[in-house]
$ cat model-v9.cif   # mmCIF, C-alpha atoms
data_coords
loop_
_atom_site.group_PDB
_atom_site.id
_atom_site.type_symbol
_atom_site.label_atom_id
_atom_site.label_comp_id
_atom_site.auth_asym_id
_atom_site.auth_seq_id
_atom_site.Cartn_x
_atom_site.Cartn_y
_atom_site.Cartn_z
ATOM 1 C CA MET A 24 -4.760 -11.683 2.123
ATOM 2 C CA VAL A 25 -5.812 -15.114 0.913
ATOM 3 C CA VAL A 26 -2.578 -15.645 -1.023
ATOM 4 C CA ALA A 27 -0.394 -14.188 1.738
ATOM 5 C CA ARG A 28 -2.049 -16.399 4.338
ATOM 6 C CA GLN A 29 -1.266 -19.483 2.234
ATOM 7 C CA VAL A 30 2.373 -18.436 1.749
ATOM 8 C CA ALA A 31 2.832 -17.750 5.475
ATOM 9 C CA SER A 32 1.181 -21.045 6.387
ATOM 10 C CA LYS A 33 3.243 -23.171 3.999
ATOM 11 C CA LEU A 34 6.505 -21.506 5.062
ATOM 12 C CA HIS A 35 5.559 -21.400 8.786
ATOM 13 C CA LEU A 36 5.980 -17.633 8.939
ATOM 14 C CA ILE A 37 4.292 -14.835 10.852
ATOM 15 C CA LEU A 38 1.703 -13.025 8.727
ATOM 16 C CA GLN A 39 1.720 -9.263 9.086
ATOM 17 C CA VAL A 40 -0.541 -6.950 7.109
ATOM 18 C CA ILE A 41 0.217 -3.592 5.539
ATOM 19 C CA ALA A 42 -2.911 -1.723 4.473
ATOM 20 C CA VAL A 43 -2.532 -0.104 1.041
ATOM 21 C CA LYS A 44 -4.977 1.597 -1.308
ATOM 22 C CA LYS A 45 -4.552 2.358 -4.979
ATOM 23 C CA ILE A 46 -4.988 5.938 -6.192
ATOM 24 C CA GLY A 47 -6.927 5.613 -9.431
ATOM 25 C CA ALA A 48 -6.953 7.964 -12.402
ATOM 26 C CA PRO A 49 -9.852 10.468 -12.451
ATOM 27 C CA HIS A 50 -11.701 8.912 -15.385
ATOM 28 C CA ASN A 51 -10.593 5.316 -14.821
ATOM 29 C CA SER A 52 -10.412 4.338 -11.159
ATOM 30 C CA GLU A 53 -8.929 0.942 -12.076
ATOM 31 C CA LEU A 54 -5.841 2.596 -13.600
ATOM 32 C CA ALA A 55 -3.395 3.067 -10.740
ATOM 33 C CA ILE A 56 -1.533 6.345 -10.854
ATOM 34 C CA GLY A 57 -0.283 5.893 -7.307
ATOM 35 C CA ALA A 58 -0.759 4.145 -4.001
ATOM 36 C CA VAL A 59 -0.781 5.084 -0.329
ATOM 37 C CA CYS A 60 -0.106 3.179 2.926
ATOM 38 C CA GLU A 61 -1.787 3.579 6.290
ATOM 39 C CA ASP A 62 0.827 6.072 7.543
ATOM 40 C CA GLY A 63 0.575 8.291 4.452
ATOM 41 C CA THR A 64 3.610 6.886 2.650
ATOM 42 C CA ARG A 65 2.794 7.466 -1.002
ATOM 43 C CA VAL A 66 4.139 6.513 -4.416
ATOM 44 C CA ILE A 67 3.016 8.385 -7.520
ATOM 45 C CA ASP A 68 3.547 7.254 -11.121
ATOM 46 C CA PHE A 69 4.406 10.661 -12.536
ATOM 47 C CA ALA A 70 4.395 9.419 -16.138
ATOM 48 C CA ALA A 71 0.800 8.204 -15.713
ATOM 49 C CA VAL A 72 -0.129 11.413 -13.889
ATOM 50 C CA LYS A 73 1.182 13.483 -16.795
ATOM 51 C CA LEU A 74 -0.555 11.320 -19.402
ATOM 52 C CA GLN A 75 -3.867 11.551 -17.522
ATOM 53 C CA GLY A 76 -3.545 15.303 -16.878
ATOM 54 C CA VAL A 77 -3.893 14.792 -13.120
ATOM 55 C CA THR A 78 -3.412 17.777 -10.814
ATOM 56 C CA ALA A 79 -1.550 17.895 -7.500
ATOM 57 C CA ASP A 80 -4.848 18.873 -5.870
ATOM 58 C CA TYR A 81 -6.481 15.670 -7.155
ATOM 59 C CA LEU A 82 -3.588 13.577 -5.814
ATOM 60 C CA ASP A 83 -3.791 15.259 -2.402
ATOM 61 C CA ARG A 84 -7.587 14.776 -2.181
ATOM 62 C CA GLN A 85 -7.331 11.140 -3.236
ATOM 63 C CA THR A 86 -4.504 10.495 -0.783
ATOM 64 C CA LYS A 87 -6.616 11.891 2.058
ATOM 65 C CA LEU A 88 -9.642 9.856 0.934
ATOM 66 C CA LYS A 89 -7.635 6.631 0.607
ATOM 67 C CA LYS A 90 -6.025 7.130 4.028
ATOM 68 C CA GLU A 91 -9.517 7.400 5.521
ATOM 69 C CA GLU A 92 -10.601 4.230 3.686
ATOM 70 C CA ILE A 93 -7.544 2.466 5.120
ATOM 71 C CA ARG A 94 -8.379 3.739 8.613
ATOM 72 C CA GLN A 95 -11.921 2.370 8.283
ATOM 73 C CA LEU A 96 -10.614 -0.961 6.989
ATOM 74 C CA ILE A 97 -8.213 -1.286 9.922
ATOM 75 C CA LEU A 98 -11.068 -0.550 12.338
ATOM 76 C CA ARG A 99 -13.241 -3.234 10.692
ATOM 77 C CA LEU A 100 -10.369 -5.717 10.988
ATOM 78 C CA GLY A 101 -9.968 -4.927 14.671
ATOM 79 C CA GLY A 102 -6.664 -3.135 14.235
ATOM 80 C CA ILE A 103 -3.379 -4.156 12.670
ATOM 81 C CA SER A 104 -0.398 -4.879 14.896
ATOM 82 C CA GLN A 105 2.783 -2.843 14.646
ATOM 83 C CA LEU A 106 5.141 -4.282 12.053
ATOM 84 C CA GLN A 107 8.177 -6.154 13.310
ATOM 85 C CA VAL A 108 10.644 -5.791 10.417
ATOM 86 C CA LYS A 109 13.938 -4.794 12.032
ATOM 87 C CA LYS A 110 16.630 -7.443 11.527
ATOM 88 C CA ARG A 111 14.175 -9.706 9.691
ATOM 89 C CA ASP A 112 13.839 -10.947 6.156
ATOM 90 C CA VAL A 113 10.508 -9.963 4.660
ATOM 91 C CA ILE A 114 8.464 -11.614 1.920
ATOM 92 C CA VAL A 115 5.956 -9.259 0.327
ATOM 93 C CA VAL A 116 2.926 -10.884 -1.277
ATOM 94 C CA ASP A 117 0.528 -9.003 -3.540
ATOM 95 C CA ASP A 118 -2.066 -11.084 -5.334
ATOM 96 C CA GLY A 119 -2.590 -8.632 -8.168
ATOM 97 C CA ILE A 120 0.385 -6.594 -9.372
ATOM 98 C CA ALA A 121 -0.821 -4.614 -12.385
ATOM 99 C CA THR A 122 1.143 -1.343 -12.404
ATOM 100 C CA GLY A 123 3.406 -2.044 -9.423
ATOM 101 C CA THR A 124 2.535 1.095 -7.451
ATOM 102 C CA SER A 125 1.152 -0.873 -4.496
ATOM 103 C CA MET A 126 4.303 -2.960 -4.296
ATOM 104 C CA GLN A 127 6.483 0.151 -4.589
ATOM 105 C CA VAL A 128 4.688 1.904 -1.733
ATOM 106 C CA ILE A 129 4.961 -1.206 0.457
ATOM 107 C CA ILE A 130 8.705 -1.395 -0.164
ATOM 108 C CA ARG A 131 9.079 2.315 0.660
ATOM 109 C CA TYR A 132 6.985 1.811 3.815
ATOM 110 C CA LEU A 133 9.079 -1.188 4.899
ATOM 111 C CA ARG A 134 12.344 0.666 4.342
ATOM 112 C CA LYS A 135 11.072 3.564 6.412
ATOM 113 C CA ASN A 136 9.973 1.233 9.233
ATOM 114 C CA ARG A 137 13.298 -0.602 9.219
ATOM 115 C CA GLN A 138 14.972 2.708 9.989
ATOM 116 C CA ALA A 139 12.521 3.647 12.755
ATOM 117 C CA LYS A 140 13.606 3.266 16.356
#
$ encode --input "model-v9.cif" --output "structure tokens"
Amino acid sequence: MVVARQVASKLHLILQVIAVKKIGAPHNSELAIGAVCEDGTRVIDFAAVKLQGVTADYLDRQTKLKKEEIRQLILRLGGISQLQVKKRDVIVVDDGIATGTSMQVIIRYLRKNRQAK
């Protein structure tokens, strides 16, 4: 959030947060094979999943675990306000894009929320 806060400040924009957690490979948690947002929106890198021999059961367990971690994070932060993205331009800031799965899940999440009533 440090980078995003600086961008929002310099551009005089509203800072809104989307909580995302990486889904790491079973034997290398730093290797992202997917990512999940607070509402369960998920992106999976199926090529990485195949290379790592990851099962659907592992992905489901990790998704559930990461959603709980996100829930706990949001509670510690005092809650995150509902996104206001309809009819707005959005700048997404991620201070560490390695595999791109976090950015992909954020984009999917934003598209879904733009369509919501």
$ resolve_selection --input "model-v9.cif" --expression "the PyMOL selection byres ((chain A and resi 82-89) around 12)" --output "JSON, numbers by chain"
{"A": [42, 43, 44, 45, 46, 47, 48, 49, 52, 55, 56, 57, 58, 59, 60, 61, 62, 63, 64, 65, 66, 67, 68, 69, 72, 73, 75, 76, 77, 78, 79, 80, 81, 90, 91, 92, 93, 94, 95, 96]}
$ closest_residue --input "model-v9.cif" --among "A:Asp118, A:Leu34, A:Val108, A:Ile97" --to "Ile130 (chain A)" --atoms "only C-alpha atoms"
A:Val108
$ closest_residue --input "model-v9.cif" --among "A:Ile120, A:Val40, A:His50, A:Leu98" --to "Leu133 (chain A)" --atoms "all atoms listed in the file"
A:Val40
$ atom_distance --input "model-v9.cif" --atom1 "CA of Gln107 (chain A)" --atom2 "CA of Gln39 (chain A)"
8.3 Å
$ resolve_selection --input "model-v9.cif" --expression "the PyMOL selection byres ((chain A and resi 24) around 10)" --output "list in words"
Val25, Val26, Ala27, Arg28, Gln29, Val30, Leu38, Gln39, Val40, Val116, Asp117 and Asp118 of chain A
$ closest_residue --input "model-v9.cif" --among "A:Lys33, A:Ile41, A:Lys109, A:Leu54" --to "Thr124 (chain A)" --atoms "all atoms listed in the file"
A:Leu54
$ axis_aligned_box --input "model-v9.cif" --around "region 83-94 of chain A" --padding-each-side "5 Å" --output "AutoDock Vina command-line options"
--center_x -7.2 --center_y 8.9 --center_z 2.7 --size_x 16.8 --size_y 22.8 --size_z 21.8
$ closest_residue --input "model-v9.cif" --among "A:Ala71, A:Val113, A:Ile103, A:Met126" --to "Asn51 (chain A)" --atoms "only C-alpha atoms"
A:Ala71
